[in-house]
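Source file: structure.pdb; contents: PDB, C-alpha atoms.
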```
ATOM      1  CA  MET A   1     -66.732  94.275-120.140
ATOM      2  CA  VAL A   2     -64.760  92.470-122.853
ATOM      3  CA  THR A   3     -66.511  90.485-125.565
ATOM      4  CA  ALA A   4     -65.604  89.166-129.014
ATOM      5  CA  GLY A   5     -66.936  92.369-130.563
ATOM      6  CA  THR A   6     -65.026  94.898-128.462
ATOM      7  CA  PRO A   7     -61.588  96.306-129.358
ATOM      8  CA  GLU A   8     -60.158  94.583-126.278
ATOM      9  CA  GLY A   9     -61.588  91.227-127.352
ATOM     10  CA  ARG A  10     -60.103  91.537-130.826
ATOM     11  CA  ARG A  11     -56.601  91.778-129.323
ATOM     12  CA  PHE A  12     -56.750  88.114-128.317
ATOM     13  CA  ALA A  13     -55.606  85.259-130.546
ATOM     14  CA  ALA A  14     -59.245  84.169-130.234
ATOM     15  CA  PHE A  15     -62.149  85.326-128.091
ATOM     16  CA  GLY A  16     -65.119  83.120-128.799
ATOM     17  CA  PRO A  17     -68.753  84.113-129.333
ATOM     18  CA  GLY A  18     -70.749  84.411-126.148
ATOM     19  CA  SER A  19     -67.635  84.805-124.001
ATOM     20  CA  MET A  20     -67.092  87.792-121.748
ATOM     21  CA  ALA A  21     -64.601  89.163-119.249
ATOM     22  CA  ALA A  22     -66.245  91.075-116.416
ATOM     23  CA  PHE A  23     -65.401  94.589-115.222
ATOM     24  CA  PRO A  24     -63.119  95.582-113.622
ATOM     25  CA  PRO A  25     -60.413  93.430-115.190
ATOM     26  CA  GLY A  26     -57.199  92.315-113.566
ATOM     27  CA  THR A  27     -53.849  92.618-115.303
ATOM     28  CA  VAL A  28     -54.060  91.351-118.884
ATOM     29  CA  PHE A  29     -51.185  91.253-121.356
ATOM     30  CA  GLY A  30     -49.869  89.082-124.168
ATOM     31  CA  GLU A  31     -53.377  88.805-125.615
ATOM     32  CA  ARG A  32     -51.926  87.782-128.983
ATOM     33  CA  TRP A  33     -50.904  84.490-127.332
ATOM     34  CA  ILE A  34     -54.129  83.934-125.369
ATOM     35  CA  SER A  35     -57.068  82.017-126.844
ATOM     36  CA  VAL A  36     -60.507  81.948-125.195
ATOM     37  CA  GLY A  37     -63.246  79.624-126.444
ATOM     38  CA  ALA A  38     -66.993  80.213-126.768
ATOM     39  CA  ASP A  39     -69.457  80.936-123.943
ATOM     40  CA  THR A  40     -66.716  81.342-121.331
ATOM     41  CA  LEU A  41     -67.053  83.719-118.389
ATOM     42  CA  ILE A  42     -63.951  85.390-116.941
ATOM     43  CA  GLY A  43     -64.742  87.005-113.612
ATOM     44  CA  ALA A  44     -63.852  90.443-112.338
ATOM     45  CA  LEU A  45     -60.242  91.132-111.373
ATOM     46  CA  VAL A  46     -58.958  88.041-113.175
ATOM     47  CA  SER A  47     -55.386  88.402-114.417
ATOM     48  CA  LEU A  48     -54.470  86.673-117.686
ATOM     49  CA  SER A  49     -50.897  86.910-118.916
ATOM     50  CA  ALA A  50     -48.732  85.324-121.583
ATOM     51  CA  GLY A  51     -45.001  85.863-121.253
ATOM     52  CA  MET A  52     -42.845  87.772-118.815
ATOM     53  CA  VAL A  53     -43.646  91.287-120.009
ATOM     54  CA  PRO A  54     -46.007  92.964-122.487
ATOM     55  CA  GLY A  55     -44.732  92.756-126.048
ATOM     56  CA  GLN A  56     -42.625  89.630-125.601
ATOM     57  CA  ASP A  57     -42.666  87.474-128.760
ATOM     58  CA  LEU A  58     -43.803  83.954-127.787
ATOM     59  CA  GLY A  59     -43.893  82.414-131.233
ATOM     60  CA  PRO A  60     -46.630  81.518-133.716
ATOM     61  CA  VAL A  61     -49.225  79.822-131.471
ATOM     62  CA  PRO A  62     -51.045  80.711-128.233
ATOM     63  CA  VAL A  63     -49.393  79.628-125.000
ATOM     64  CA  LEU A  64     -52.568  80.095-122.921
ATOM     65  CA  ARG A  65     -55.697  78.342-124.147
ATOM     66  CA  ILE A  66     -59.027  78.432-122.304
ATOM     67  CA  GLY A  67     -61.761  76.240-123.738
ATOM     68  CA  ASP A  68     -65.512  76.570-124.251
ATOM     69  CA  ARG A  69     -68.046  77.112-121.447
ATOM     70  CA  CYS A  70     -65.435  77.724-118.746
ATOM     71  CA  VAL A  71     -65.848  79.944-115.693
ATOM     72  CA  ILE A  72     -62.771  81.596-114.183
ATOM     73  CA  GLY A  73     -63.570  82.882-110.700
ATOM     74  CA  ARG A  74     -63.090  86.418-109.427
ATOM     75  CA  GLY A  75     -59.530  87.453-108.643
ATOM     76  CA  SER A  76     -57.888  84.392-110.185
ATOM     77  CA  HIS A  77     -54.482  84.527-111.881
ATOM     78  CA  ILE A  78     -53.718  82.465-115.005
ATOM     79  CA  VAL A  79     -50.034  82.958-115.890
ATOM     80  CA  ALA A  80     -48.599  81.237-118.985
ATOM     81  CA  HIS A  81     -45.139  81.192-120.540
ATOM     82  CA  GLN A  82     -44.852  77.906-122.445
ATOM     83  CA  SER A  83     -48.119  75.927-122.603
ATOM     84  CA  LEU A  84     -51.107  76.205-120.278
ATOM     85  CA  VAL A  85     -54.323  74.545-121.437
ATOM     86  CA  ILE A  86     -57.670  74.736-119.656
ATOM     87  CA  GLU A  87     -60.044  72.387-121.457
ATOM     88  CA  ASP A  88     -63.806  72.800-121.957
ATOM     89  CA  ASP A  89     -66.276  73.153-119.066
ATOM     90  CA  VAL A  90     -63.684  73.861-116.362
ATOM     91  CA  PHE A  91     -64.991  75.984-113.479
ATOM     92  CA  THR A  92     -62.886  77.634-110.810
ATOM     93  CA  GLY A  93     -63.752  79.334-107.568
ATOM     94  CA  PRO A  94     -62.323  82.744-106.709
ATOM     95  CA  TYR A  95     -58.619  83.489-106.245
ATOM     96  CA  VAL A  96     -57.247  80.420-108.008
ATOM     97  CA  TYR A  97     -53.634  80.587-109.245
ATOM     98  CA  VAL A  98     -52.449  78.553-112.249
ATOM     99  CA  THR A  99     -48.984  78.844-113.816
ATOM    100  CA  ASP A 100     -46.579  76.893-116.009
ATOM    101  CA  GLN A 101     -43.483  78.666-114.654
ATOM    102  CA  ASN A 102     -41.717  78.583-111.319
ATOM    103  CA  HIS A 103     -38.574  80.140-109.855
ATOM    104  CA  GLY A 104     -35.349  78.230-110.346
ATOM    105  CA  TYR A 105     -33.130  77.576-107.341
ATOM    106  CA  ALA A 106     -30.268  75.457-108.729
ATOM    107  CA  ASP A 107     -27.616  77.821-107.359
ATOM    108  CA  PRO A 108     -27.842  77.781-103.552
ATOM    109  CA  ASP A 109     -25.797  80.981-103.294
ATOM    110  CA  ALA A 110     -27.688  83.172-105.768
ATOM    111  CA  PRO A 111     -30.897  85.000-104.837
ATOM    112  CA  ILE A 112     -33.854  82.900-105.997
ATOM    113  CA  GLY A 113     -35.442  85.854-107.775
ATOM    114  CA  ARG A 114     -32.339  86.321-109.956
ATOM    115  CA  GLN A 115     -32.138  82.741-111.190
ATOM    116  CA  MET A 116     -33.627  81.551-114.454
ATOM    117  CA  PRO A 117     -37.216  80.317-114.091
ATOM    118  CA  ARG A 118     -38.239  76.819-115.131
ATOM    119  CA  ASN A 119     -41.238  76.003-117.328
ATOM    120  CA  ALA A 120     -43.369  72.862-117.514
ATOM    121  CA  ASP A 121     -46.610  72.383-119.443
ATOM    122  CA  VAL A 122     -49.913  72.483-117.545
ATOM    123  CA  ARG A 123     -53.227  70.930-118.571
ATOM    124  CA  ILE A 124     -56.551  70.983-116.712
ATOM    125  CA  GLY A 125     -58.964  68.375-118.039
ATOM    126  CA  SER A 126     -62.485  69.064-119.196
ATOM    127  CA  GLY A 127     -65.299  69.163-116.671
ATOM    128  CA  SER A 128     -63.047  69.780-113.678
ATOM    129  CA  TRP A 129     -63.699  72.088-110.734
ATOM    130  CA  LEU A 130     -60.994  74.013-108.841
ATOM    131  CA  GLY A 131     -62.085  75.283-105.446
ATOM    132  CA  ALA A 132     -61.348  78.721-104.021
ATOM    133  CA  GLY A 133     -57.682  79.488-103.505
ATOM    134  CA  ALA A 134     -56.385  76.366-105.241
ATOM    135  CA  VAL A 135     -52.880  76.563-106.743
ATOM    136  CA  VAL A 136     -51.844  74.612-109.852
ATOM    137  CA  LEU A 137     -48.074  74.438-110.323
ATOM    138  CA  PRO A 138     -45.894  73.820-113.405
ATOM    139  CA  GLY A 139     -46.056  70.258-114.682
ATOM    140  CA  ALA A 140     -49.570  69.576-113.373
ATOM    141  CA  CYS A 141     -51.745  67.449-115.639
ATOM    142  CA  ILE A 142     -55.223  67.214-114.146
ATOM    143  CA  GLY A 143     -57.593  64.657-115.618
ATOM    144  CA  ARG A 144     -61.244  64.981-116.610
ATOM    145  CA  ASN A 145     -64.048  65.638-114.105
ATOM    146  CA  VAL A 146     -61.664  66.196-111.191
ATOM    147  CA  VAL A 147     -62.539  68.117-108.021
ATOM    148  CA  VAL A 148     -59.640  70.098-106.543
ATOM    149  CA  ALA A 149     -60.536  71.061-102.990
ATOM    150  CA  ALA A 150     -60.268  74.679-101.869
ATOM    151  CA  GLY A 151     -56.754  75.712-100.883
ATOM    152  CA  SER A 152     -55.055  72.671-102.425
ATOM    153  CA  VAL A 153     -51.682  72.829-104.198
ATOM    154  CA  VAL A 154     -51.499  70.571-107.262
ATOM    155  CA  ARG A 155     -48.393  69.354-109.037
ATOM    156  CA  GLY A 156     -47.782  66.362-111.298
ATOM    157  CA  PRO A 157     -50.419  64.015-112.751
ATOM    158  CA  VAL A 158     -53.956  63.658-111.392
ATOM    159  CA  PRO A 159     -56.177  60.875-112.797
ATOM    160  CA  ASP A 160     -59.691  61.286-114.178
ATOM    161  CA  ARG A 161     -62.754  61.361-111.913
ATOM    162  CA  CYS A 162     -61.232  61.863-108.512
ATOM    163  CA  VAL A 163     -61.151  64.369-105.650
ATOM    164  CA  VAL A 164     -57.791  65.764-104.557
ATOM    165  CA  ALA A 165     -57.126  67.819-101.445
ATOM    166  CA  GLY A 166     -54.265  69.131 -99.368
ATOM    167  CA  VAL A 167     -50.757  70.544 -99.688
ATOM    168  CA  PRO A 168     -49.487  68.828-101.713
ATOM    169  CA  ALA A 169     -52.782  67.626-103.156
ATOM    170  CA  ARG A 170     -53.472  63.908-102.755
ATOM    171  CA  VAL A 171     -56.304  61.750-104.048
ATOM    172  CA  VAL A 172     -58.920  61.400-101.304
ATOM    173  CA  ARG A 173     -61.844  60.038-103.341
ATOM    174  CA  GLN A 174     -61.977  58.120-106.608
ATOM    175  CA  TYR A 175     -64.827  57.052-108.880
ATOM    176  CA  ALA A 176     -65.030  53.305-109.402
ATOM    177  CA  PRO A 177     -67.611  52.159-111.997
ATOM    178  CA  SER A 178     -68.764  49.282-109.766
ATOM    179  CA  ASP A 179     -68.872  51.217-106.463
ATOM    180  CA  GLY A 180     -69.373  54.916-107.290
ATOM    181  CA  TRP A 181     -67.372  57.482-105.336
ATOM    182  CA  VAL A 182     -65.203  55.753-102.738
ATOM    183  CA  PRO A 183     -62.315  56.756-100.445
ATOM    184  CA  ALA A 184     -59.051  56.602-102.334
ATOM    185  CA  LEU A 185     -57.748  53.444-100.654
ATOM    186  CA  ALA A 186     -61.048  51.582-100.539
ATOM    187  CA  SER A 187     -60.831  49.907-103.939
ATOM    188  CA  PRO A 188     -58.118  47.936-105.805
ATOM    189  CA  ALA A 189     -58.487  50.328-108.745
ATOM    190  CA  ALA A 190     -57.561  53.278-106.554
ATOM    191  CA  GLU A 191     -54.472  51.492-105.238
ATOM    192  CA  ARG A 192     -53.264  50.953-108.795
ATOM    193  CA  LEU A 193     -53.187  54.681-109.570
ATOM    194  CA  GLN A 194     -49.865  55.636-111.068
ATOM    195  CA  GLY A 195     -48.023  58.886-110.375
ATOM    196  CA  VAL A 196     -50.372  60.150-107.646
ATOM    197  CA  THR A 197     -49.560  60.119-103.934
ATOM    198  CA  GLN A 198     -52.386  58.679-101.863
ATOM    199  CA  SER A 199     -53.544  60.272 -98.623
ATOM    200  CA  PRO A 200     -51.792  58.697 -95.613
ATOM    201  CA  ASN A 201     -54.702  59.608 -93.322
ATOM    202  CA  LEU A 202     -57.385  57.398 -94.823
ATOM    203  CA  PRO A 203     -57.970  53.895 -93.372
ATOM    204  CA  ARG A 204     -57.052  50.844 -95.407
TER     205      ARG A 204
END
```
Could you render the structure from this file as structure tokens?
Amino acid sequence: MVTAGTPEGRRFAAFGPGSMAAFPPGTVFGERWISVGADTLIGALVSLSAGMVPGQDLGPVPVLRIGDRCVIGRGSHIVAHQSLVIEDDVFTGPYVYVTDQNHGYADPDAPIGRQMPRNADVRIGSGSWLGAGAVVLPGACIGRNVVVAAGSVVRGPVPDRCVVAGVPARVVRQYAPSDGWVPALASPAAERLQGVTQSPNLPR
């Protein structure tokens, strides 16, 4: 078990009081560029990495930041290269994958694995829940108090207080102050959402 007071915990840029990483751990490297807030629980077999390989210099500030009171579910992978922020009170189910880097494929003749990867910042807003097996891709910016359904693949912006589901993830429910939680196309406010594809399967 890793805590703020153990040698392993002191390798991190920050490892807040009351936080712990369960045993056995997954792959962990680049701790100098990983910051974990207070009272956060990192489940067993969770992999946390900053950079491509151990020892890579990523600059003066952390590239992976996990906030206070978060829970990262068993077997999840959080892979950062540029900027990946998980805000306070975010919970995930098991086997979630979050990354700010993807393979490049600009050259159609070169093997994908030999092309330069592409980075895009990722942010997961406070109070959100990511269901089991969800995938968050580079460039995702998930709002506050969002539910990401199990097995969904998220890219791009997601507004506050909604439920997204599917591959790619689409808004299927939205909170409207006057109506509570409603299907995504049931209120004018939901239809005005910018930058989020609405589910084609819900009735108008």
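With distances restricted to all atoms listed in the file, A:Gly30 is the closest residue to Gly59 of chain A from A:Gly30, A:Ile86, A:Thr3, A:His77.
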Query raised in the report: Got a sec: who's within 9 Å of segment 35-51 of chain A, counting only C-alpha atoms, leaving out chain neighbours fewer than 6 positions off, as a ChimeraX atom specification?
Result: /A:12-29,57-58,62-82,88-89,94-95
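The residues caught by the PyMOL selection byres ((chain A and resi 173-182) around 6) in this file are Arg161, Cys162, Val163, Val171, Val172, Pro183 and Ala184 of chain A.
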Could the residues in this selection be saved with C-alpha atoms as a PDB file, keeping the file's coordinate frame?
```
ATOM      1  CA  ARG A 161     -62.754  61.361-111.913  1.00  0.00           C
ATOM      2  CA  CYS A 162     -61.232  61.863-108.512  1.00  0.00           C
ATOM      3  CA  VAL A 163     -61.151  64.369-105.650  1.00  0.00           C
ATOM      4  CA  VAL A 171     -56.304  61.750-104.048  1.00  0.00           C
ATOM      5  CA  VAL A 172     -58.920  61.400-101.304  1.00  0.00           C
ATOM      6  CA  PRO A 183     -62.315  56.756-100.445  1.00  0.00           C
ATOM      7  CA  ALA A 184     -59.051  56.602-102.334  1.00  0.00           C
TER       8      ALA A 184
END
```
Within 9 Å of Gly151 of chain A, counting all atoms listed in the file, which residues qualify if same-chain residues fewer than 3 places away don't, as a PDB file with C-alpha atoms, in the coordinates of the input?
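Written out: result-v3.pdb:
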```
ATOM      1  CA  VAL A  96     -57.247  80.420-108.008  1.00  0.00           C
ATOM      2  CA  GLY A 131     -62.085  75.283-105.446  1.00  0.00           C
ATOM      3  CA  ALA A 132     -61.348  78.721-104.021  1.00  0.00           C
ATOM      4  CA  GLY A 133     -57.682  79.488-103.505  1.00  0.00           C
ATOM      5  CA  ALA A 134     -56.385  76.366-105.241  1.00  0.00           C
ATOM      6  CA  VAL A 135     -52.880  76.563-106.743  1.00  0.00           C
ATOM      7  CA  VAL A 148     -59.640  70.098-106.543  1.00  0.00           C
ATOM      8  CA  ALA A 165     -57.126  67.819-101.445  1.00  0.00           C
ATOM      9  CA  GLY A 166     -54.265  69.131 -99.368  1.00  0.00           C
ATOM     10  CA  VAL A 167     -50.757  70.544 -99.688  1.00  0.00           C
TER      11      VAL A 167
END
```
Requested in this report: Just give me the gap between atom CA of Asp160 of chain A and atom CA of Cys141 of chain A in Å, one decimal is fine.
Outcome: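 These atoms are spaced 10.2 Å apart.
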Query raised in the report: Could you name the residues that touch Pro157 of chain A at 12 Å or less, counting all atoms listed in the file, but leaving out those on the same chain fewer than 3 positions away, as a PyMOL selection string?
Result: chain A and resi 121-125+136-144+146+154+160+162+164+169-171+193-197
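Straight-line separation from atom CA of Pro60 of chain A to atom CA of Ala4 of chain A: 21.0 Å.
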Query raised in the report: Got a sec: who's within 10 Å of Asn102 of chain A, counting all atoms listed in the file, leaving out chain neighbours fewer than 3 positions off, as a ChimeraX atom specification?
Result: /A:99,105,116-120,137-139
